[in-house]
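These notes concern the structure reproduced below.
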Amino acid sequence: MNNAEELLRSSLWGQSLTEGELDKALSGTTERTFAPGAFICMKGEPVEYWMGIIDGLGKMASHWTTGKTTSLTGISTGGWFGEGSLLKKETRRYDVMALRETRVAFMNRATFLWLMDHSIPFNRYLIAQLNERLGQFIGMIENERMLDTDARIARGLAALFNPVLYPGTNRLLQISQEELGYLSGVSRQRANQALKVLEDAGLVRSEYGGIHIVDLDGLRRFGD
């Protein structure tokens, strides 16, 4: 996608809005570009925006003052995030960092709340979004406790193809081994080893510029 308007118009919730509602959403949305390694948002800051990835890749993580870091999930093109913190009116509880140059749409709180007050389809989308996010994190906890590193990386790749959370992801996932390591909380070398295992299993194929997903259902089941 080229800009915030394209993101809004192509989003599942945007497609269900009236023209007047969409105009209101567009008027309350701005766009910013972040360099690789830059923080899109930070833990502890006030939450004033709902955010969507126009193009690029983000990592949701938690960085502690002790130096410890835990990766939570990736956020790819088409994905929106931050609705839970907006609804709870709390400070942000996680960081989101750009893993490559990433363009992000920022919808201000007033516009977000206006859509909630005026659009039933928007509210239905939020319920589905929150439900999918809850299922995603329950699955991550299960994977972390029960699967080895290769299987966790397989499931992490598959998670980027959730049709509700990340509808803009295509089968050629533009992600490097280093970025995959960041998302999975492992080194680039360990991510490379896992990719070779997944390639040998016929699930993915490394290509110039990214990873081609050959068998998405197989990735979702890998390690069972």
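Simple scheme: letters A, B, ... for chains in structure tokens order, numbers from 1 for residues in each chain, numbers from 1 for ligands in the order shown.
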I'd like to know which residues of range 94-183 of chain A are helix (DSSP H, G or I) (by DSSP, run on the backbone); could you write them as an MDAnalysis selection string?
chainID A and resid 109:118 120:146 149:159 177:183
Backbone-only DSSP, strand (DSSP E) members of range 15-188 of chain A, as an NGL selection string:
:A and (29-34 or 39-41 or 49-55 or 57-63 or 69-76 or 80-81 or 95-98 or 102-108 or 172-173)
Selection: 6 Å around Leu99 in chain A, only C-alpha atoms, excl. self and same-chain fewer than 4 positions, as a list of chain:residue names:
A:Pro36, A:Gly37, A:Leu57, A:Gly58
Find the residue from A:Trp13, A:Glu48, A:Leu183, A:Glu90 that sits nearest to Met60 in chain A; use only C-alpha atoms when measuring.
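Answer, going by the shortest atom-to-atom distance: A:Leu183.
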Each residue of range 111-197 of chain A lying at most 8 Å from range 80-89 of chain A should get a row with its shortest atom-to-atom pair and the distance in Å to one decimal, counting only C-alpha atoms; could you produce that, ordered by chain and increasing number, as a Markdown table?
```
| residue | atom | partner | partner_atom | distance |
| --- | --- | --- | --- | --- |
| A:Leu126 | CA | A:Glu83 | CA | 7.8 |
| A:Leu130 | CA | A:Gly84 | CA | 7.5 |
| A:Leu165 | CA | A:Trp80 | CA | 7.0 |
| A:Tyr166 | CA | A:Trp80 | CA | 7.8 |
```
How about saving the chosen residues, C-alpha atoms kept, as a compact mmCIF listing (two decimals), in the first residue's frame?
```
# COMPACT_ATOMS: atom_id res chain seq x y z
CA LEU A 126 -12.87 -4.43 17.11
CA LEU A 130 -9.48 -8.34 20.20
CA LEU A 165 -4.79 -9.24 12.20
CA TYR A 166 -2.56 -9.00 9.12
```
Contact residues around Ser11 in chain A with only C-alpha atoms at 12 Å, ignoring same-chain residues under 4 positions, as a ChimeraX atom specification:
/A:1,4-7,15-17,22,25,52-54,77-80,105,122,125,129,163-168
Set the distance at 8 Å and use only C-alpha atoms: which residues neighbour Thr91 in chain A once local chain neighbours fewer than 3 positions away are removed? I'd like the list as JSON, numbers by chain.
{"A": [43, 44, 45, 46, 47, 85]}
Do you know which residues are at most 9 Å from Ala154 in chain A counting only C-alpha atoms, after dropping those on the same chain fewer than 3 positions away, and could you put them as a list in words?
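Listing them by chain and then by number gives Thr149, Asp150, Ala151, Leu157, Ala158, Ala159, Ala194, Leu195, Leu198, Leu203, Gly218, Leu219, Arg220, Arg221, Phe222 and Gly223 of chain A.
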Store the residues picked out above in a file with N, CA, C and O atoms, as a PDB file, in the first residue's frame.
```
ATOM      1  N   THR A 149      12.648 -24.652  19.406  1.00  0.00           N
ATOM      2  CA  THR A 149      12.878 -23.399  18.690  1.00  0.00           C
ATOM      3  C   THR A 149      12.410 -23.469  17.244  1.00  0.00           C
ATOM      4  O   THR A 149      11.796 -22.518  16.730  1.00  0.00           O
ATOM      5  N   ASP A 150      12.686 -24.569  16.543  1.00  0.00           N
ATOM      6  CA  ASP A 150      12.274 -24.687  15.143  1.00  0.00           C
ATOM      7  C   ASP A 150      10.759 -24.548  15.016  1.00  0.00           C
ATOM      8  O   ASP A 150      10.257 -23.845  14.131  1.00  0.00           O
ATOM      9  N   ALA A 151      10.028 -25.211  15.895  1.00  0.00           N
ATOM     10  CA  ALA A 151       8.567 -25.169  15.843  1.00  0.00           C
ATOM     11  C   ALA A 151       8.047 -23.778  16.210  1.00  0.00           C
ATOM     12  O   ALA A 151       7.073 -23.296  15.616  1.00  0.00           O
ATOM     13  N   LEU A 157       6.113 -17.579  12.017  1.00  0.00           N
ATOM     14  CA  LEU A 157       5.909 -17.229  10.614  1.00  0.00           C
ATOM     15  C   LEU A 157       4.441 -17.352  10.231  1.00  0.00           C
ATOM     16  O   LEU A 157       3.870 -16.464   9.588  1.00  0.00           O
ATOM     17  N   ALA A 158       3.817 -18.451  10.638  1.00  0.00           N
ATOM     18  CA  ALA A 158       2.417 -18.680  10.306  1.00  0.00           C
ATOM     19  C   ALA A 158       1.524 -17.602  10.901  1.00  0.00           C
ATOM     20  O   ALA A 158       0.520 -17.206  10.293  1.00  0.00           O
ATOM     21  N   ALA A 159       1.891 -17.103  12.084  1.00  0.00           N
ATOM     22  CA  ALA A 159       1.068 -16.093  12.749  1.00  0.00           C
ATOM     23  C   ALA A 159       0.990 -14.796  11.960  1.00  0.00           C
ATOM     24  O   ALA A 159       0.026 -14.035  12.103  1.00  0.00           O
ATOM     25  N   ALA A 194      16.815 -22.842  11.713  1.00  0.00           N
ATOM     26  CA  ALA A 194      15.397 -23.220  11.703  1.00  0.00           C
ATOM     27  C   ALA A 194      14.819 -23.156  10.301  1.00  0.00           C
ATOM     28  O   ALA A 194      14.031 -24.027   9.893  1.00  0.00           O
ATOM     29  N   LEU A 195      15.213 -22.153   9.539  1.00  0.00           N
ATOM     30  CA  LEU A 195      14.716 -22.030   8.167  1.00  0.00           C
ATOM     31  C   LEU A 195      15.133 -23.224   7.319  1.00  0.00           C
ATOM     32  O   LEU A 195      14.352 -23.716   6.486  1.00  0.00           O
ATOM     33  N   LEU A 198      12.871 -26.046   8.098  1.00  0.00           N
ATOM     34  CA  LEU A 198      11.552 -25.839   7.495  1.00  0.00           C
ATOM     35  C   LEU A 198      11.601 -26.009   5.977  1.00  0.00           C
ATOM     36  O   LEU A 198      10.642 -26.503   5.368  1.00  0.00           O
ATOM     37  N   LEU A 203       8.181 -26.687   3.677  1.00  0.00           N
ATOM     38  CA  LEU A 203       7.206 -25.697   4.151  1.00  0.00           C
ATOM     39  C   LEU A 203       7.503 -24.291   3.664  1.00  0.00           C
ATOM     40  O   LEU A 203       6.577 -23.493   3.455  1.00  0.00           O
ATOM     41  N   GLY A 218       0.988 -26.383   6.937  1.00  0.00           N
ATOM     42  CA  GLY A 218       2.064 -27.170   7.504  1.00  0.00           C
ATOM     43  C   GLY A 218       2.856 -26.405   8.549  1.00  0.00           C
ATOM     44  O   GLY A 218       3.257 -26.978   9.581  1.00  0.00           O
ATOM     45  N   LEU A 219       3.074 -25.098   8.314  1.00  0.00           N
ATOM     46  CA  LEU A 219       3.741 -24.272   9.297  1.00  0.00           C
ATOM     47  C   LEU A 219       2.927 -24.202  10.588  1.00  0.00           C
ATOM     48  O   LEU A 219       3.471 -24.255  11.687  1.00  0.00           O
ATOM     49  N   ARG A 220       1.621 -24.068  10.431  1.00  0.00           N
ATOM     50  CA  ARG A 220       0.745 -23.964  11.603  1.00  0.00           C
ATOM     51  C   ARG A 220       0.733 -25.253  12.425  1.00  0.00           C
ATOM     52  O   ARG A 220       0.490 -25.216  13.629  1.00  0.00           O
ATOM     53  N   ARG A 221       0.992 -26.394  11.773  1.00  0.00           N
ATOM     54  CA  ARG A 221       0.951 -27.679  12.482  1.00  0.00           C
ATOM     55  C   ARG A 221       2.335 -28.172  12.882  1.00  0.00           C
ATOM     56  O   ARG A 221       2.452 -29.155  13.597  1.00  0.00           O
ATOM     57  N   PHE A 222       3.390 -27.511  12.413  1.00  0.00           N
ATOM     58  CA  PHE A 222       4.750 -28.013  12.615  1.00  0.00           C
ATOM     59  C   PHE A 222       5.050 -28.158  14.114  1.00  0.00           C
ATOM     60  O   PHE A 222       4.833 -27.232  14.897  1.00  0.00           O
ATOM     61  N   GLY A 223       5.530 -29.315  14.482  1.00  0.00           N
ATOM     62  CA  GLY A 223       5.868 -29.562  15.875  1.00  0.00           C
ATOM     63  C   GLY A 223       4.810 -30.328  16.636  1.00  0.00           C
ATOM     64  O   GLY A 223       5.047 -30.748  17.774  1.00  0.00           O
TER      65      GLY A 223
END
```
Would you mind reading off the distance between CA of Glu199 in chain A and CA of Ile141 in chain A, one decimal, in Å?
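According to the coordinates, CA of Glu199 in chain A and CA of Ile141 in chain A are separated by 25.1 Å.
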All residues 8 Å or closer to Thr111 in chain A, only C-alpha atoms, same chain fewer than 4 positions away omitted, as a list in words
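Selected residues are Lys24, Ala25, Gly28, Met107 and Leu115 of chain A.
With only C-alpha atoms as the atoms that count, the minimum distance from Gln177 in chain A to the choices A:Phe39, A:Phe161, A:Arg152, A:Ser206 is reached by A:Ser206.
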Closest to Ser187 in chain A among A:Ala61, A:Leu173, A:Ala38, A:Ile153, using only C-alpha atoms?
A:Ile153
Expressed in Å to a single decimal, how great is the separation between CA of Glu179 in chain A and CA of Leu8 in chain A?
26.3 Å
